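Q: Quick one: this structure, given as structure tokens, is what I'll be asking you about.
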2 protein chains.
Amino acid sequence: MENQELRFASRFDGVTGSAIRAILGLLGKPGMISFGGGNPASDTLEEGVVAALAERVLARDGKAILQYGATEGYGPLKEALCGWFEQLGFRPRPEEVLPITGSTQGIDLIAKALIDPGDVVLVENPSFLGALQAFRLYQARLIPVPTDGGGLLLDDAERLIRQHKPKILYVIPTFQNPTGVTLAAERRAPLAQMAARHGVLVLEDDPYRDLRYAGDPLPAIKSYDQEGWVAHLSSFSKIISPGLRCGTLTCRPDLLRKAVIGKQSTDVHTSTLTQAIVAEYLRDGRLPAHLANIRAMYAARMHTMLDQLAAFPKGIRYTKPQGGLFLWAQLPGSLDATVLFQQAIEQNVAFVPGTHFFCDGGHTDTLRLNFSNSTPAQIDTGMRTLREVIYEMEN
Amino acid sequence: MENQELRFASRFDGVTGSAIRAILGLLGKPGMISFGGGNPASDTLEEGVVAALAERVLARDGKAILQYGATEGYGPLKEALCGWFEQLGFRPRPEEVLPITGSTQGIDLIAKALIDPGDVVLVENPSFLGALQAFRLYQARLIPVPTDGGGLLLDDAERLIRQHKPKILYVIPTFQNPTGVTLAAERRAPLAQMAARHGVLVLEDDPYRDLRYAGDPLPAIKSYDQEGWVAHLSSFSKIISPGLRCGTLTCRPDLLRKAVIGKQSTDVHTSTLTQAIVAEYLRDGRLPAHLANIRAMYAARMHTMLDQLAAFPKGIRYTKPQGGLFLWAQLPGSLDATVLFQQAIEQNVAFVPGTHFFCDGGHTDTLRLNFSNSTPAQIDTGMRTLREVIYEMEN
């Protein structure tokens with residue numbers, strides 16, 4: 001049965017699935033230290049709190065929570081969200097906010113609404129693999145925009161907008177995945193203005209902004225959006241729980257309406273139980289204290305990893321982010337990170353080779369290192385192993 | 001801001017969203033008796049049970065439930081499902097089953113994997129509006145297949161397969177939405193064989209099969225599938241809770257793999273909390289007793305509605321299903337069901353005009369009546385109102 005090929009042509013025939021998720025599949029091995037993935041630390045997940053909140057919301061509004069809900073989202077969550085967004089520098093009206101089944105769904109819905117085969121999407125280079133794949137499944141043409149330590153280079157972005165007439169410019173402005181880089185404060189308003197000037201939608205993917213360990217928060221690009229050319233994605237996956245699958249899309253009502261139409265045909269609505277749990281979590285005011293805890297934990301882990309990197313062979317380059325979940329490194333002497341990966345895996349250490357994050361491939365000497373999901377002791381051990389493997393590869 | 005049009009061309013420009021969900025938006029009015037929608041009765045939703053199951057699964061496996069999970073689904077749910085499917089006449093292996101965020105997501109994922117603009121999908125006429133919309137968003141060309149009281153007419157289906165070379169034949173074989181009709185037993189094996197013969201995927205959408213009030217269960221079309229040309233969708237929305245958003249896709253591993261790739265970019269995975277609750281519900285063996293309760297309730301409601309229809313003006317025609325959630329009626333004298341709808345709404349009675357379920361429109365004298373979500377007293381009152389409005393329209 002499996003030997004018979006389906007005779008369909010499929011738009012997925014050239015897509016092999018997420019390399020990250022394939023790599024994550026290797027990590028079940030006992031004793032594996034994983035710097036792959038982008039998971040929050042399991043210690044920070046509050047199963048007792050979630051159980052208590054589930055009981056409370058079901059006792060209060062159980063029939064509505066278990067019945068079909070509106071595609072537009074669960075009312076109490078939308079109310080809680082509109083206040084929560086104030087810290088980002090904007091306060092959307094309810095018709096500008098859509099609860100979604102994780103922020104990845106927002107990328108899918110925007111692409112589904114706007115992308116016809118061959119349409120251009122500009123992306124940072126490197127960028128989030130899941131987003132690249134989401135755009136590719138709609139047969140978008142991905143054009144990389146150069147970046148530096150302050151994120152997207154605006155002159156290059158504008159030149160590429162003129163040249164390629166993209167529909168979407170996808171950007172992760174704060175503690176970017178995979179690099180950890182943050183879009184400079186002085187580039188944010190000009191980027192919003194550029195989007196309006198050229199009629200390009202900036203899709204601002206912003207799941208890491210609350211994980212800041214140094215420096216002052218920056219306003220979202222969306223906060224400078226006067227005419228509705230910025231759509232903003234947020235997520236509770238990194239700060240409450242990824243297993244609940246709850247994120248948000250905030251954008252102009254006419255674009256949101258298109259996303260709602262797409263969502264009707266995708267999952268009808270996000271699970272109301274998980275929406276209600278997140279709403280109650282926000283209403284209880286639990287987030288500030290929880291964020292303080294996880295910031296302290298992740299900052300320590302990041303610094304442990306940075307301390308280890310300082311002892312790596314000369315010539316390695318790496319980012320020193322002010323927050324987020326990832327460091328990004330470039331190996332000395334053009335060493336191949338995929339070879340490093342194979343050898344490291346044998347010694348029970350995993351990461352993601354950086355080449356997967358470049359829409360045009362290459363950059364085989366780069367790697368992404370996640371620090372949130374390993375203890376400081378694991379980080380010490382795992383980084384020493386990586387260092388030794390690199391020394392061996394060099395000699 | 002809202003006056004400025006986004007300058008994008010969008011594949012959604014011709015799509016106005018689900019007429020049913022727009023109609024449901026009108027139903028918040030106090031005192032409204034709704035025969036629209038396809039909701040389970042709120043009385044059947046077990047908020048205390050769900051709260052207890054949530055507490056139990058979070059106590060047992062909370063870290064894994066709140067962490068990222070595999071796109072392929074939560075292991076304990078997949079195990080529970082493989083046994084549950086035995087009643088349908090097949091026992092899939094775990095790599096043939098994908099938990100999804102409601103069965104509508106299965107339609108979306110299959111369409112996303114297989115449909116390029118202009119590809120043909122054959123559909124029953126009438127068919128489920130949400131499915132028609134899902135296919136349209138991928139710019140499929142929908143071709144209606146004639147049906148009779150035994151469902152899809154196979155000779156017509158084969159003729160249209162030869163003529164249009166469709167990629168998918170979408171069918172709701174049991175207690176169809178919107179008509180309540182069931183595909184005859186003797187048409188099921190031949191349909192599976194026809195699919196294999198022509199290389200067409202039969203997408204079997206099967207959310208109502210457990211809601212049988214008379215007659216013997218029929219095997220799923222999937223149970224006759226020898227070569228993997230039938231993909232089967234099931235749902236817990238009608239029998240446990242729609243708010244949890246949990247359904248299943250069962251198909252050949254190579255097609256399932258394509259669905260998994262699409263799902264990675266859509267919602268990464270279905271909420272593990274809701275998957276775990278459904279798994280625990282099945283493992284506890286709660287479903288048979290619960291089904292016995294809701295079958296008795298819905299059967300009584302259906303018969304109340306049928307009794308009322310028997311007193312309607314002569315010339316009205318309607319289905320007498322053996323199960324499901326819907327009756328389907330054709331008004332006498334070519335009366336317009338949209339006019340009836342407008343007048344009925346003013347008297348606090350709602351339903352869905354049938355024209356929306358036809359991919360080629362027309363059939364303005366038809367309507368769909370849901371009986372599961374109104375009490376027998378509401379059905380008596382609402383149907384008397386409809387009868388009086390029809391009398392007035394006739395005279």
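All residue names refer to the structure tokens as shown: chains lettered A, B, ... in order, residues numbered from 1 in each chain, ligands numbered from 1 in order.
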For Cys246 in chain A, work out the shell of residues within 10 Å, counting only C-alpha atoms and skipping chain neighbours fewer than 3 positions away, then give it as a ChimeraX atom specification.
A: /A:99-105,234-237,240-243,270-272,274-275,277-278 /B:267,271
Q: Enumerate as number ranges by chain the residues belonging to chain B that approach chain A to within 7 Å, with only C-alpha atoms taken into account.
A: B: 1, 7-12, 17, 39, 42, 45, 47, 51, 54-55, 58, 62-63, 65-69, 101-102, 104-105, 108, 113-114, 130, 133-134, 167, 199, 227-228, 241-245, 258, 261, 265-267, 271-273
Q: Given only C-alpha atoms as the basis, pick out the residue of A:Gly118, A:Gly151, A:Gly75, A:Gly247 nearest to Thr182 in chain A.
A: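 Of the candidates, the smallest distance to Thr182 in chain A is held by A:Gly151.
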Q: Fewer than 2 positions away in the same chain doesn't count, so skip those; otherwise give me all residues within 9 Å of range 142-149 of chain B, counting only C-alpha atoms, as JSON, numbers by chain.
A: {"B": [119, 120, 121, 122, 123, 124, 125, 126, 127, 132, 135, 136, 140, 151, 152, 153, 154, 156, 157, 160, 164, 166, 181, 182, 183, 184, 319, 358, 359, 360]}
Q: Which residues are near range 77-82 of chain A? Cut-off 10 Å, only C-alpha atoms, ignore same chain within fewer than 5 positions. Put them as a PyMOL selection string.
A: chain A and resi 72+90-99+248+250+272+274-283
Q: Report, in Å with one decimal, the straight-line distance from CA of Gly323 in chain B to CA of Thr385 in chain B.
A: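 If I compute the distance from CA of Gly323 in chain B to CA of Thr385 in chain B, I get 24.6 Å.
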Q: May I have the residues within 10 Å of range 204-213 of chain A as a VMD selection string, using only C-alpha atoms and disregarding those fewer than 5 positions away in the same chain?
A: chain A and resid 87 to 88 103 to 104 106 to 107 128 131 169 to 177 180 182 218 to 222 230 to 239 247 to 250 288 291 to 292 294 to 300 302 321 to 325
Q: With N, CA and C atoms retained, export the selected residues as a short mmCIF file (atom, residue, chain, number, x, y, z; two decimals), in the first residue's frame.
A:
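Result file is part.cif:
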```cif
data_model
loop_
_atom_site.label_atom_id
_atom_site.label_comp_id
_atom_site.auth_asym_id
_atom_site.auth_seq_id
_atom_site.Cartn_x
_atom_site.Cartn_y
_atom_site.Cartn_z
N GLN A 87 1.38 47.94 26.84
CA GLN A 87 2.84 47.94 27.03
C GLN A 87 3.59 47.95 25.71
N LEU A 88 2.93 47.56 24.62
CA LEU A 88 3.60 47.57 23.32
C LEU A 88 3.51 48.92 22.64
N SER A 103 0.97 31.82 17.30
CA SER A 103 1.20 32.93 16.38
C SER A 103 1.57 32.45 14.98
N THR A 104 2.07 31.22 14.86
CA THR A 104 2.33 30.68 13.52
C THR A 104 1.07 30.70 12.67
N GLY A 106 -1.06 32.95 12.55
CA GLY A 106 -1.19 34.29 11.97
C GLY A 106 -0.40 34.43 10.69
N ILE A 107 0.79 33.83 10.65
CA ILE A 107 1.58 33.86 9.42
C ILE A 107 0.81 33.13 8.31
N PHE A 128 13.07 33.08 10.73
CA PHE A 128 12.39 31.94 11.38
C PHE A 128 11.98 30.92 10.32
N ALA A 131 8.29 30.31 9.49
CA ALA A 131 7.69 31.34 8.63
C ALA A 131 8.09 31.12 7.18
N LEU A 169 6.44 42.18 4.00
CA LEU A 169 7.80 42.19 4.55
C LEU A 169 7.67 41.58 5.95
N TYR A 170 8.28 40.40 6.12
CA TYR A 170 8.16 39.67 7.38
C TYR A 170 9.36 39.98 8.26
N VAL A 171 9.11 40.41 9.49
CA VAL A 171 10.22 40.81 10.36
C VAL A 171 9.95 40.39 11.81
N ILE A 172 10.99 39.90 12.47
CA ILE A 172 10.94 39.60 13.91
C ILE A 172 11.82 40.65 14.56
N PRO A 173 11.24 41.75 15.07
CA PRO A 173 12.06 42.91 15.39
C PRO A 173 12.82 42.78 16.71
N THR A 174 12.39 41.92 17.61
CA THR A 174 12.98 41.93 18.94
C THR A 174 13.49 40.55 19.31
N PHE A 175 14.81 40.46 19.61
CA PHE A 175 15.44 39.19 19.97
C PHE A 175 15.11 38.14 18.89
N GLN A 176 15.52 38.49 17.69
CA GLN A 176 15.09 37.75 16.51
C GLN A 176 15.43 36.26 16.59
N ASN A 177 14.59 35.46 16.01
CA ASN A 177 14.85 34.05 15.76
C ASN A 177 15.34 33.94 14.33
N GLY A 180 18.87 36.51 17.61
CA GLY A 180 18.83 37.25 18.86
C GLY A 180 18.94 38.75 18.69
N THR A 182 18.07 42.67 17.74
CA THR A 182 16.90 43.53 17.90
C THR A 182 16.96 44.69 16.90
N LEU A 218 11.52 48.48 23.72
CA LEU A 218 11.31 49.36 22.58
C LEU A 218 9.86 49.24 22.13
N PRO A 219 9.30 50.34 21.63
CA PRO A 219 7.93 50.23 21.11
C PRO A 219 7.89 49.28 19.91
N ALA A 220 6.77 48.60 19.76
CA ALA A 220 6.58 47.75 18.58
C ALA A 220 6.53 48.63 17.33
N ILE A 221 6.90 48.04 16.18
CA ILE A 221 6.74 48.76 14.91
C ILE A 221 5.27 49.18 14.76
N LYS A 222 4.40 48.30 15.19
CA LYS A 222 2.95 48.55 15.10
C LYS A 222 2.56 49.86 15.79
N VAL A 230 0.87 47.72 9.17
CA VAL A 230 1.61 46.78 10.02
C VAL A 230 0.62 45.82 10.67
N ALA A 231 0.86 44.54 10.52
CA ALA A 231 0.09 43.51 11.24
C ALA A 231 1.02 42.91 12.29
N HIS A 232 0.53 42.78 13.50
CA HIS A 232 1.36 42.39 14.65
C HIS A 232 0.95 41.01 15.17
N LEU A 233 1.93 40.14 15.35
CA LEU A 233 1.68 38.82 15.93
C LEU A 233 2.32 38.73 17.30
N SER A 234 1.57 38.20 18.26
CA SER A 234 2.14 37.92 19.57
C SER A 234 1.77 36.49 19.96
N SER A 235 2.36 36.03 21.02
CA SER A 235 2.19 34.62 21.40
C SER A 235 2.34 34.46 22.90
N PHE A 236 1.57 33.55 23.46
CA PHE A 236 1.76 33.18 24.86
C PHE A 236 2.59 31.91 25.00
N SER A 237 3.11 31.40 23.88
CA SER A 237 3.85 30.14 23.92
C SER A 237 5.13 30.26 24.73
N LYS A 238 5.83 31.37 24.62
CA LYS A 238 7.13 31.49 25.29
C LYS A 238 6.97 31.98 26.72
N ILE A 239 5.83 32.58 27.05
CA ILE A 239 5.72 33.23 28.36
C ILE A 239 4.67 32.58 29.28
N GLY A 247 -2.17 32.53 20.59
CA GLY A 247 -1.46 33.73 20.18
C GLY A 247 -2.45 34.77 19.70
N THR A 248 -1.93 35.87 19.14
CA THR A 248 -2.82 36.95 18.69
C THR A 248 -2.33 37.54 17.37
N LEU A 249 -3.29 37.98 16.58
CA LEU A 249 -3.04 38.78 15.38
C LEU A 249 -3.73 40.12 15.59
N THR A 250 -2.99 41.21 15.42
CA THR A 250 -3.56 42.55 15.56
C THR A 250 -3.31 43.31 14.26
N PRO A 288 3.19 39.54 35.26
CA PRO A 288 4.42 40.27 35.66
C PRO A 288 5.33 39.45 36.58
N LEU A 291 6.87 36.59 34.58
CA LEU A 291 7.91 37.07 33.67
C LEU A 291 9.20 37.39 34.44
N ALA A 292 9.05 37.98 35.63
CA ALA A 292 10.24 38.28 36.43
C ALA A 292 11.02 36.99 36.72
N ILE A 294 10.95 34.06 34.98
CA ILE A 294 11.58 33.40 33.82
C ILE A 294 12.68 34.28 33.25
N ARG A 295 12.54 35.61 33.35
CA ARG A 295 13.64 36.47 32.90
C ARG A 295 14.92 36.19 33.69
N ALA A 296 14.78 36.07 35.01
CA ALA A 296 15.97 35.82 35.84
C ALA A 296 16.60 34.48 35.47
N MET A 297 15.75 33.48 35.29
CA MET A 297 16.26 32.15 34.95
C MET A 297 16.95 32.14 33.58
N TYR A 298 16.30 32.75 32.59
CA TYR A 298 16.86 32.70 31.22
C TYR A 298 18.10 33.59 31.09
N ALA A 299 18.09 34.72 31.80
CA ALA A 299 19.27 35.60 31.75
C ALA A 299 20.50 34.84 32.27
N ALA A 300 20.33 34.11 33.39
CA ALA A 300 21.45 33.34 33.94
C ALA A 300 21.92 32.29 32.93
N MET A 302 21.57 32.39 29.64
CA MET A 302 22.23 33.05 28.52
C MET A 302 23.67 33.41 28.88
N PRO A 321 22.80 38.99 22.74
CA PRO A 321 21.48 39.63 22.75
C PRO A 321 21.12 40.20 24.12
N GLN A 322 20.12 41.07 24.12
CA GLN A 322 19.58 41.61 25.37
C GLN A 322 18.37 40.81 25.86
N GLY A 323 18.06 39.73 25.16
CA GLY A 323 16.90 38.94 25.59
C GLY A 323 16.62 37.81 24.61
N GLY A 324 15.46 37.20 24.79
CA GLY A 324 15.03 36.15 23.87
C GLY A 324 15.48 34.76 24.31
N LEU A 325 15.60 33.87 23.33
CA LEU A 325 15.87 32.46 23.61
C LEU A 325 17.11 31.94 22.92
#
```
Q: What does the distance between CA of Gly150 in chain B and CA of Met383 in chain B come to in Å, to one decimal place?
A: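 Interatomic distance, CA of Gly150 in chain B to CA of Met383 in chain B: 26.8 Å.
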Q: Can you list every residue in range 178-385 of chain B that DSSP puts in helix (DSSP H, G or I), as a PyMOL selection string?
A: chain B and resi 185-198+221-224+253-264+272-283+287-310+332-334+337-346+354-357+376-385
Q: Can you list, as a VMD selection string, all residues belonging to range 214-383 of chain B that DSSP tags as strand (DSSP E)?
A: chain B and resid 230 to 235 247 to 250 317 to 318 326 to 330 349 to 350 352 to 353 366 to 370
Q: Mind pulling up the distance from CA of Ile33 in chain B to CA of Ala350 in chain B?
A: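 The value is 6.3 Å.
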Q: For Ser34 in chain B, find every residue with an atom within 8 Å (counting only C-alpha atoms), except residues of its own chain fewer than 3 positions away, and show them as a PDB file with C-alpha atoms, in the first residue's frame.
A:
```pdb
ATOM      1  CA  LEU B  27     -29.010  34.908  16.955  1.00  0.00           C
ATOM      2  CA  GLY B  37     -26.205  26.147  13.291  1.00  0.00           C
ATOM      3  CA  VAL B 349     -37.239  31.852  14.668  1.00  0.00           C
ATOM      4  CA  ALA B 350     -34.081  31.159  12.659  1.00  0.00           C
ATOM      5  CA  PHE B 351     -32.858  28.498  10.209  1.00  0.00           C
ATOM      6  CA  ASN B 370     -31.328  21.824  13.082  1.00  0.00           C
ATOM      7  CA  ASN B 373     -29.994  22.659  19.962  1.00  0.00           C
ATOM      8  CA  SER B 374     -33.655  23.435  20.815  1.00  0.00           C
TER       9      SER B 374
END
```
